[in-house]
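Enquirer: Handing you this structure, nothing more for now.
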Amino acid sequence: MTVSKMRGGLGRRDLLKLAAAGAVGGAMTLPGTVSVDAQGRKVLNTIITPEPPIAVPGINNQGPTLIVGGKLFEGLLSYTPKLEPKPLLAKSFTISADGLTYGFVLEAGVTWHDGKPFTAEDVVFNITKLHPEVNPRLRGTLANIESCVAKDASTIEIKLKAPFEPFILNFDSTTLPMLPKHLYEGTDFRNNPANQNPVGTGPFRYGEWQRGNFIRLLKFDKYWKPGKPTIDEVVYRIIPDSTLRGVSLQTGQVQLAAFNDIEAFDVPRFRAEPNLDVSIAGWELFAPLSWIDLNLRVKPLDDARVRRALSMAIDRAFILNRLWFGVGKVATSPIASSTKFHDPSVRLPAFDVAAANRLLDEAGHPRKADGTRFELKFMTLPYGEIWNRLGEYIRQAMGQIGVRLVGEAVDAGTWARRVGAWEYEMTINFVYQWGDPTIGVERTYVSSNIQKIAFTNTMGFSNPKVDELFATARRSATAAERQAAFSEVQKILVQEMPVIWLLELAFPTISDKRLKNLITTATGIHDGFADVTM
Amino acid sequence: MDLSHFLRFIAQRLIKAVSVVIGVIILAFFLVRLAPGDPALVIAGQSGAADAQFLDQLRQQFGLDKSMPEQLFIYLKGIAQFDLGYSHRVQRTVASLIGERLPATILLTGAAFLFAVSVGVTLGVLAARRVGTWADSLITVVALTCYATPLFWVGLIFILIFSIQLGWLPALGMFTIGADLSGPAFALDVGRHLILPALTLGLFFMALYARLTRASMLEVATQDFVRTARAKGLREGPIVRRHVLRNALLPVIGFAGVQAGTLVGGSVLVETVFSWPGVGRLAFEALLARDYNLLLGVFITTSAMAVVINLITDVVYALVDPRIEVGA
């Protein structure tokens, strides 16, 4: 079975595929942007989808904001694909043996885009004032801080109330970007005029933003790394039609597409292009894990046997290879394989339709005369065509075990409201893991986080043993103790199946082969591009 | 038509127009809030993390923590002072966001409008003059094809042919980014970017005008005063121009008024296909993000424009056909 058979008919996407094929065959280029302009300046043309509301990370944390903002703002650290911290604005850091004291020494000669020096005072302001107020993701982490002081102009010392091992994973530009104290202190952070005219320390400074058209970032001449960046300009084009994003990449109008720009099912034709690179690296810190979100208050989803049966009816390899065309990995555990403390020995129950049917019979849900067992409402995720296709597959897979899914199509606002209000039966979700299960995984499963807000434990899952293990892992100072707790919790969760994990997602980064050093860290295209050459 | 009579008519119509716009504002105010979810939830949903404090902060910032009547009152008070409010999501005033998009929108819809009216009426006249010949059939077929084809499909086919295969015209955006052109070179660049989207948007109305003009011309041509004109020895040219066309244009003007009313609203489809930075996309994105103030701002601008264009249409009617009196 192929995807096109599932959809049927010749869609506009197929049409443009033909168009693009023709364009490449004839070696046509569109008139338009150029990578070296008339003055010989190097311009990196890329795309951002959707258009971000502002370009200041921390103040706004939507995906596109973090990508564009990552060129303007920097964190103290950055992370290797294996999630080891490496220096950025902090040239070195120390952690005391008891895990309570963190010291950071800043790079010398760092200035803000407006020429003011970047100092330890800026760091203290960001950690103690700005981020605790504006950044919901960091609030829990920063609450562990006992004190944060500037020892001198370039040294910061942070003392924690209790050891918190994942603390060091919170200092990159997507998590704790450094915003200028001299512009934000004493103001209403969310309505600060600097949110419109961003001033950071990044390799690029804010140039021009024509809404609905493009965002233009210019090389920051006084960037602290000597001789960097080597690119003069980064232009983010806003191209709302996904087909034309593909065409503009294939015709060389843009040299880089990432995140939501190109849908996974369009990736195979880019893999075939001799002048383009396709990479799925650079998402290790985020490790988005997708799953079928179940409202456990709805019968019979309160029965773990039913949830396991639903899971066994799904062929994850099919989803990966036929819907995502190999972009990503099959999920094997509640903790993604690139996240810390993933236990490779944990396995989900294997794909087995017959066994799933037997399990549903045993659980007391025999097939009725019409061949169905029960019916569930299924809300699709409104983030693009691929999620519709996934929804179609899941509906079909559930049909094989007599579970009839009634589709509900919603937009983003409706989705967030209904998940947050627990007004759903089944939906799809994907959640960033943020490197450490205590930060990004715990929130989904502990009973203390059953809240009427999306991305909490909206399923209503409650298991005292799971709560206890996550608490142990949160408090333990050593990696070994934490690993033991996380391994056990992974085994329990796989048995309980509070959600049905599907894929470890990856977003394809497609780039002109002449672009070098593009993805070198766990945050990939969110980085500053200081070292990128073209 | 005497001047004071005319001015009184305008004044009456303006008063009616203001009440229509106020009605639209109140209706739209509740309509946009009927959509499930609010801007805070959308931002939380797309940030992938939120807590109750975060949602409360956002709602407070957006003014959504107040009661509905209070929100309406605040909004109406702003409108009375010609203040369209603030988009908290984008952190810009609604007026500046719409103002930034209006030139692009009016350029596109205006070009499409001029193209549709001029080419449509010309084709209609040609078809009516040569009724029953191959030219008439050809024009009818072209018009029906344009009338029946979905806009986005036409747009994609244009891009396929003229941008990708032939490489004649750019497919994306409004001007060449980074070329830093100015003066005539910039105008030329914008013009090249404008051709495909304006054609795409204009074709549907062009077809409509061609069909209308043709039918209307044929109807008028059979009337007595045309026979009289022929009988007194006028040549065919002046007859068509002064007697037939002028009378046949009335229904076309009516339709042109309708199309002109949509000039400011833009076109989501064409703007999306051609990445044109217009008001249509702005409104569509505002809807998805539940950016209430911005969406309302677009509604108000659009409805105010529609009301003004209606007024202009009525005046134009009177100018074209003196039998119609304004305010009668």
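Following the order of the structure tokens, chains are lettered A, B, ..., residues in each are numbered from 1, and ligands are numbered from 1.
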Return as a tab-separated table the residues of chain B lying at most 8 Å from chain A, together with the closest atom-to-atom pair for each and the distance in Å to one decimal, counting only C-alpha atoms, with rows in chain order and ascending residue number.
Expert:
```
residue	atom	partner	partner_atom	distance
B:Ala35	CA	A:Thr414	CA	7.5
B:Pro36	CA	A:Thr414	CA	4.9
B:Gly37	CA	A:Arg417	CA	4.8
B:Asp38	CA	A:Gly413	CA	6.5
B:Pro39	CA	A:Gly413	CA	7.4
B:Leu41	CA	A:Ala416	CA	5.9
B:Val42	CA	A:Gly413	CA	5.0
B:Ile43	CA	A:Gln62	CA	7.1
B:Ala44	CA	A:Ala454	CA	7.6
B:Gly45	CA	A:Ala416	CA	5.5
B:Gln46	CA	A:Gln62	CA	5.4
B:Ser47	CA	A:Gln62	CA	4.4
B:Gly48	CA	A:Phe455	CA	6.4
B:Ala49	CA	A:Arg137	CA	5.8
B:Ala50	CA	A:Pro136	CA	5.4
B:Asp51	CA	A:Pro136	CA	6.1
B:Ala52	CA	A:Ile453	CA	7.4
B:Gln53	CA	A:Pro136	CA	7.9
B:Phe54	CA	A:Pro136	CA	6.0
B:Arg89	CA	A:Pro53	CA	6.1
B:Val90	CA	A:Pro53	CA	4.7
B:Gln91	CA	A:Asn191	CA	6.8
B:Trp153	CA	A:Arg12	CA	7.7
B:Leu156	CA	A:Leu16	CA	7.8
B:Leu160	CA	A:Ala19	CA	5.9
B:Ser163	CA	A:Leu30	CA	6.3
B:Ile164	CA	A:Ala23	CA	5.7
B:Gln165	CA	A:Ala23	CA	6.3
B:Gly167	CA	A:Leu30	CA	6.0
B:Trp168	CA	A:Pro31	CA	7.9
B:Leu169	CA	A:Pro31	CA	7.1
B:Pro170	CA	A:Pro31	CA	5.6
B:Ala171	CA	A:Leu30	CA	7.7
B:Leu172	CA	A:Ile239	CA	7.7
B:Gly173	CA	A:Asn213	CA	6.6
B:Met174	CA	A:Asn213	CA	8.0
B:Thr176	CA	A:Gly32	CA	5.3
B:Ile177	CA	A:Thr33	CA	6.0
B:Gly178	CA	A:Thr33	CA	6.8
B:Ala179	CA	A:Asp37	CA	7.0
B:Thr272	CA	A:Pro240	CA	5.5
B:Val273	CA	A:Asp241	CA	5.8
B:Ser275	CA	A:Ile239	CA	5.3
B:Trp276	CA	A:Asn213	CA	7.2
B:Pro277	CA	A:Gly212	CA	4.7
B:Gly278	CA	A:Gly212	CA	7.5
B:Arg281	CA	A:Gly212	CA	7.8
B:Leu282	CA	A:Gly212	CA	7.5
B:Leu288	CA	A:Gly413	CA	6.7
B:Ala289	CA	A:Gly413	CA	6.8
B:Arg290	CA	A:Gly413	CA	7.0
```
Enquirer: Using backbone DSSP assignments, extract all helix (DSSP H, G or I) residues from range 75-308 of chain B; output them as an MDAnalysis selection string.
Expert: chainID B and resid 75:80 94:129 134:148 151:165 183:221 224:231 236:261 268:273 279:288 292:308
Enquirer: Considering only C-alpha atoms, can you say which of A:Leu130, A:Met379, A:Ala313, A:Ile386 comes closest to Gly407 in chain A?
Expert: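 Ranking A:Leu130, A:Met379, A:Ala313, A:Ile386 by distance to Gly407 in chain A, first place goes to A:Met379.
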Enquirer: Grab the CA of Phe189 in chain A to CA of Glu208 in chain A distance for me, in Å with one decimal place.
Expert: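 We find that CA of Phe189 in chain A and CA of Glu208 in chain A lie 22.0 Å from each other.
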Enquirer: What's around Asp65 in chain B at 12 Å? Count only C-alpha atoms, leave out sequence neighbours fewer than 6 positions away in its own chain, and write the answer as a PyMOL selection string.
Expert: chain B and resi 38+40+55-59+71
Enquirer: Take the residues that were just selected and, keeping C-alpha atoms, output them as a PDB file, in the first residue's frame.
Expert:
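Saved result, out.pdb, follows:
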```pdb
ATOM      1  CA  ASP B  38      -7.849  32.242  22.809  1.00  0.00           C
ATOM      2  CA  ALA B  40      -2.898  32.747  25.152  1.00  0.00           C
ATOM      3  CA  LEU B  55      -1.597  31.809  30.783  1.00  0.00           C
ATOM      4  CA  ASP B  56      -2.813  34.305  33.373  1.00  0.00           C
ATOM      5  CA  GLN B  57       0.017  36.699  32.524  1.00  0.00           C
ATOM      6  CA  LEU B  58      -0.744  36.491  28.818  1.00  0.00           C
ATOM      7  CA  ARG B  59      -4.486  36.979  29.314  1.00  0.00           C
ATOM      8  CA  GLN B  71     -13.624  44.405  26.742  1.00  0.00           C
TER       9      GLN B  71
END
```
Enquirer: Just want the 12 Å neighbourhood of Phe225 in chain B, counted on only C-alpha atoms, with same-chain residues fewer than 4 positions away dropped. Output as a PDB file with N, CA and C atoms, in the first residue's frame.
Expert:
```
ATOM      1  N   VAL B 220     -29.478  45.712 -25.031  1.00  0.00           N
ATOM      2  CA  VAL B 220     -29.668  47.130 -25.349  1.00  0.00           C
ATOM      3  C   VAL B 220     -29.746  47.333 -26.862  1.00  0.00           C
ATOM      4  N   ALA B 221     -28.960  46.558 -27.615  1.00  0.00           N
ATOM      5  CA  ALA B 221     -28.859  46.757 -29.064  1.00  0.00           C
ATOM      6  C   ALA B 221     -30.196  46.555 -29.765  1.00  0.00           C
ATOM      7  N   ALA B 229     -31.296  55.657 -33.721  1.00  0.00           N
ATOM      8  CA  ALA B 229     -29.973  56.201 -34.008  1.00  0.00           C
ATOM      9  C   ALA B 229     -29.497  55.747 -35.381  1.00  0.00           C
ATOM     10  N   ARG B 230     -29.729  54.457 -35.663  1.00  0.00           N
ATOM     11  CA  ARG B 230     -29.331  53.943 -36.987  1.00  0.00           C
ATOM     12  C   ARG B 230     -30.116  54.670 -38.081  1.00  0.00           C
ATOM     13  N   ALA B 231     -31.443  54.856 -37.822  1.00  0.00           N
ATOM     14  CA  ALA B 231     -32.320  55.432 -38.831  1.00  0.00           C
ATOM     15  C   ALA B 231     -31.898  56.862 -39.163  1.00  0.00           C
ATOM     16  N   LYS B 232     -31.377  57.583 -38.136  1.00  0.00           N
ATOM     17  CA  LYS B 232     -30.990  58.960 -38.445  1.00  0.00           C
ATOM     18  C   LYS B 232     -29.594  59.007 -39.062  1.00  0.00           C
ATOM     19  N   LEU B 234     -26.549  57.557 -38.078  1.00  0.00           N
ATOM     20  CA  LEU B 234     -25.281  57.510 -37.348  1.00  0.00           C
ATOM     21  C   LEU B 234     -24.482  56.285 -37.780  1.00  0.00           C
ATOM     22  N   ILE B 239     -22.608  54.666 -32.438  1.00  0.00           N
ATOM     23  CA  ILE B 239     -23.793  54.004 -31.877  1.00  0.00           C
ATOM     24  C   ILE B 239     -23.379  53.065 -30.746  1.00  0.00           C
ATOM     25  N   VAL B 240     -22.380  52.247 -31.054  1.00  0.00           N
ATOM     26  CA  VAL B 240     -21.936  51.280 -30.048  1.00  0.00           C
ATOM     27  C   VAL B 240     -21.397  52.018 -28.823  1.00  0.00           C
ATOM     28  N   ARG B 242     -21.689  55.332 -27.787  1.00  0.00           N
ATOM     29  CA  ARG B 242     -22.471  56.308 -27.025  1.00  0.00           C
ATOM     30  C   ARG B 242     -23.856  55.817 -26.640  1.00  0.00           C
ATOM     31  N   HIS B 243     -24.414  54.972 -27.459  1.00  0.00           N
ATOM     32  CA  HIS B 243     -25.793  54.569 -27.189  1.00  0.00           C
ATOM     33  C   HIS B 243     -25.876  53.198 -26.522  1.00  0.00           C
ATOM     34  N   VAL B 244     -25.179  52.249 -27.125  1.00  0.00           N
ATOM     35  CA  VAL B 244     -25.310  50.887 -26.606  1.00  0.00           C
ATOM     36  C   VAL B 244     -24.476  50.682 -25.342  1.00  0.00           C
ATOM     37  N   ASN B 247     -25.359  52.474 -22.020  1.00  0.00           N
ATOM     38  CA  ASN B 247     -26.525  51.904 -21.342  1.00  0.00           C
ATOM     39  C   ASN B 247     -26.265  50.488 -20.842  1.00  0.00           C
TER      40      ASN B 247
END
```
Enquirer: Write out as an MDAnalysis selection string which residues come within 7 Å of Tyr147 in chain B when counting only C-alpha atoms, dropping same-chain ones fewer than 6 positions away.
Expert: chainID B and resid 204 207:208
Enquirer: Report as an MDAnalysis selection string: the residues of range 31-262 of chain A with a DSSP assignment of strand (DSSP E or B), based on the backbone of this structure.
Expert: chainID A and resid 36 42:47 57 60 77:79 85:87 90:95 101:106 111 117 145:152 155:160 204:210 214:219 233:237 256:257
Enquirer: Write out as an MDAnalysis selection string each polymer residue whose atoms come within 12 Å of Lys368 in chain A, counting only C-alpha atoms; drop sequence neighbours fewer than 5 positions from it.
Expert: chainID A and resid 361 373:375 401:404
Enquirer: Kindly export the residues of the current selection with C-alpha atoms, as a compact mmCIF listing (two decimals), in the first residue's frame.
Expert:
```txt
# COMPACT_ATOMS: atom_id res chain seq x y z
CA ASP A 361 -11.56 -9.94 23.60
CA ARG A 373 -15.95 -3.22 19.35
CA PHE A 374 -16.24 0.42 20.41
CA GLU A 375 -16.00 3.91 19.03
CA ILE A 401 -9.02 -4.36 15.62
CA GLY A 402 -12.63 -3.23 15.52
CA VAL A 403 -12.09 0.20 17.02
CA ARG A 404 -13.94 2.82 15.02
```
Enquirer: What's around range 80-87 of chain B at 12 Å? Count only C-alpha atoms, leave out sequence neighbours fewer than 5 positions away in its own chain, and write the answer as a ChimeraX atom specification.
Expert: /A:53-54,191 /B:18,21-22,25,39,61-63,71-75,92-99,282,286,289-301
Enquirer: Using N, CA and C atoms, can you write the selected residues to a file as an mmCIF file, in the first residue's frame?
Expert:
```cif
data_model
loop_
_atom_site.group_PDB
_atom_site.id
_atom_site.type_symbol
_atom_site.label_atom_id
_atom_site.label_comp_id
_atom_site.auth_asym_id
_atom_site.auth_seq_id
_atom_site.Cartn_x
_atom_site.Cartn_y
_atom_site.Cartn_z
ATOM 1 N N PRO A 53 6.007 35.695 15.718
ATOM 2 C CA PRO A 53 5.416 36.982 16.115
ATOM 3 C C PRO A 53 6.475 38.030 16.424
ATOM 4 N N ILE A 54 7.512 37.642 17.146
ATOM 5 C CA ILE A 54 8.646 38.535 17.417
ATOM 6 C C ILE A 54 9.910 37.675 17.305
ATOM 7 N N ASN A 191 6.225 43.835 27.051
ATOM 8 C CA ASN A 191 5.880 44.934 26.145
ATOM 9 C C ASN A 191 7.050 45.877 25.933
ATOM 10 N N VAL B 18 -21.841 54.859 8.962
ATOM 11 C CA VAL B 18 -21.241 54.756 10.301
ATOM 12 C C VAL B 18 -22.015 53.739 11.135
ATOM 13 N N VAL B 21 -21.057 50.300 10.085
ATOM 14 C CA VAL B 21 -19.727 49.907 10.563
ATOM 15 C C VAL B 21 -19.767 49.576 12.054
ATOM 16 N N ILE B 22 -20.518 50.361 12.827
ATOM 17 C CA ILE B 22 -20.614 50.060 14.266
ATOM 18 C C ILE B 22 -21.263 48.685 14.469
ATOM 19 N N ILE B 25 -18.716 46.111 13.800
ATOM 20 C CA ILE B 25 -17.727 45.998 14.880
ATOM 21 C C ILE B 25 -18.272 45.119 16.006
ATOM 22 N N PRO B 39 -5.888 33.633 22.279
ATOM 23 C CA PRO B 39 -4.494 33.801 21.864
ATOM 24 C C PRO B 39 -3.503 33.217 22.866
ATOM 25 N N GLN B 61 -2.120 40.526 29.966
ATOM 26 C CA GLN B 61 -1.450 41.403 29.012
ATOM 27 C C GLN B 61 -2.369 41.720 27.835
ATOM 28 N N PHE B 62 -3.122 40.720 27.368
ATOM 29 C CA PHE B 62 -4.002 40.896 26.207
ATOM 30 C C PHE B 62 -5.333 41.539 26.593
ATOM 31 N N GLY B 63 -5.534 41.771 27.886
ATOM 32 C CA GLY B 63 -6.789 42.363 28.332
ATOM 33 C C GLY B 63 -7.947 41.382 28.332
ATOM 34 N N GLN B 71 -14.520 44.456 27.898
ATOM 35 C CA GLN B 71 -13.624 44.405 26.742
ATOM 36 C C GLN B 71 -14.229 45.145 25.563
ATOM 37 N N LEU B 72 -15.548 44.938 25.344
ATOM 38 C CA LEU B 72 -16.227 45.596 24.221
ATOM 39 C C LEU B 72 -16.193 47.107 24.408
ATOM 40 N N PHE B 73 -16.460 47.535 25.648
ATOM 41 C CA PHE B 73 -16.478 48.971 25.927
ATOM 42 C C PHE B 73 -15.117 49.585 25.632
ATOM 43 N N ILE B 74 -14.055 48.914 26.129
ATOM 44 C CA ILE B 74 -12.705 49.424 25.912
ATOM 45 C C ILE B 74 -12.409 49.503 24.415
ATOM 46 N N TYR B 75 -12.860 48.461 23.708
ATOM 47 C CA TYR B 75 -12.577 48.429 22.274
ATOM 48 C C TYR B 75 -13.302 49.559 21.550
ATOM 49 N N ARG B 92 2.720 45.253 18.075
ATOM 50 C CA ARG B 92 2.658 46.433 17.210
ATOM 51 C C ARG B 92 1.223 46.927 17.218
ATOM 52 N N THR B 93 1.016 48.201 16.852
ATOM 53 C CA THR B 93 -0.360 48.666 16.758
ATOM 54 C C THR B 93 -1.002 48.047 15.521
ATOM 55 N N VAL B 94 -2.306 47.790 15.655
ATOM 56 C CA VAL B 94 -3.038 47.184 14.547
ATOM 57 C C VAL B 94 -2.982 48.092 13.321
ATOM 58 N N ALA B 95 -3.097 49.408 13.564
ATOM 59 C CA ALA B 95 -3.085 50.349 12.442
ATOM 60 C C ALA B 95 -1.780 50.240 11.656
ATOM 61 N N SER B 96 -0.653 50.105 12.376
ATOM 62 C CA SER B 96 0.623 50.032 11.661
ATOM 63 C C SER B 96 0.743 48.716 10.897
ATOM 64 N N LEU B 97 0.209 47.634 11.487
ATOM 65 C CA LEU B 97 0.293 46.336 10.804
ATOM 66 C C LEU B 97 -0.534 46.344 9.521
ATOM 67 N N ILE B 98 -1.750 46.910 9.617
ATOM 68 C CA ILE B 98 -2.598 46.952 8.425
ATOM 69 C C ILE B 98 -2.032 47.956 7.424
ATOM 70 N N GLY B 99 -1.593 49.106 7.951
ATOM 71 C CA GLY B 99 -1.046 50.140 7.075
ATOM 72 C C GLY B 99 0.129 49.636 6.259
ATOM 73 N N LEU B 282 -2.675 38.409 6.294
ATOM 74 C CA LEU B 282 -2.589 38.975 7.648
ATOM 75 C C LEU B 282 -3.816 38.572 8.457
ATOM 76 N N ALA B 286 -4.046 36.032 11.592
ATOM 77 C CA ALA B 286 -4.617 36.567 12.835
ATOM 78 C C ALA B 286 -5.720 35.646 13.340
ATOM 79 N N ALA B 289 -4.139 32.554 14.909
ATOM 80 C CA ALA B 289 -3.484 32.854 16.187
ATOM 81 C C ALA B 289 -4.458 33.449 17.190
ATOM 82 N N ARG B 290 -5.731 33.607 16.805
ATOM 83 C CA ARG B 290 -6.747 34.240 17.652
ATOM 84 C C ARG B 290 -6.293 35.626 18.092
ATOM 85 N N ASP B 291 -5.686 36.350 17.145
ATOM 86 C CA ASP B 291 -5.248 37.715 17.427
ATOM 87 C C ASP B 291 -6.461 38.619 17.218
ATOM 88 N N TYR B 292 -7.304 38.718 18.270
ATOM 89 C CA TYR B 292 -8.613 39.356 18.144
ATOM 90 C C TYR B 292 -8.533 40.784 17.601
ATOM 91 N N ASN B 293 -7.661 41.597 18.207
ATOM 92 C CA ASN B 293 -7.615 43.001 17.811
ATOM 93 C C ASN B 293 -7.233 43.162 16.350
ATOM 94 N N LEU B 294 -6.255 42.379 15.916
ATOM 95 C CA LEU B 294 -5.798 42.489 14.535
ATOM 96 C C LEU B 294 -6.906 42.054 13.577
ATOM 97 N N LEU B 295 -7.556 40.952 13.904
ATOM 98 C CA LEU B 295 -8.619 40.436 13.045
ATOM 99 C C LEU B 295 -9.756 41.452 12.956
ATOM 100 N N LEU B 296 -10.129 42.003 14.101
ATOM 101 C CA LEU B 296 -11.192 43.018 14.114
ATOM 102 C C LEU B 296 -10.780 44.242 13.297
ATOM 103 N N GLY B 297 -9.518 44.615 13.440
ATOM 104 C CA GLY B 297 -9.017 45.768 12.694
ATOM 105 C C GLY B 297 -9.178 45.573 11.201
ATOM 106 N N VAL B 298 -8.847 44.366 10.728
ATOM 107 C CA VAL B 298 -9.000 44.078 9.297
ATOM 108 C C VAL B 298 -10.478 44.115 8.914
ATOM 109 N N PHE B 299 -11.333 43.531 9.764
ATOM 110 C CA PHE B 299 -12.777 43.561 9.494
ATOM 111 C C PHE B 299 -13.266 44.996 9.322
ATOM 112 N N ILE B 300 -12.858 45.833 10.263
ATOM 113 C CA ILE B 300 -13.359 47.213 10.263
ATOM 114 C C ILE B 300 -12.868 47.963 9.033
ATOM 115 N N THR B 301 -11.565 47.835 8.749
ATOM 116 C CA THR B 301 -11.023 48.511 7.577
ATOM 117 C C THR B 301 -11.759 48.057 6.317
#
```
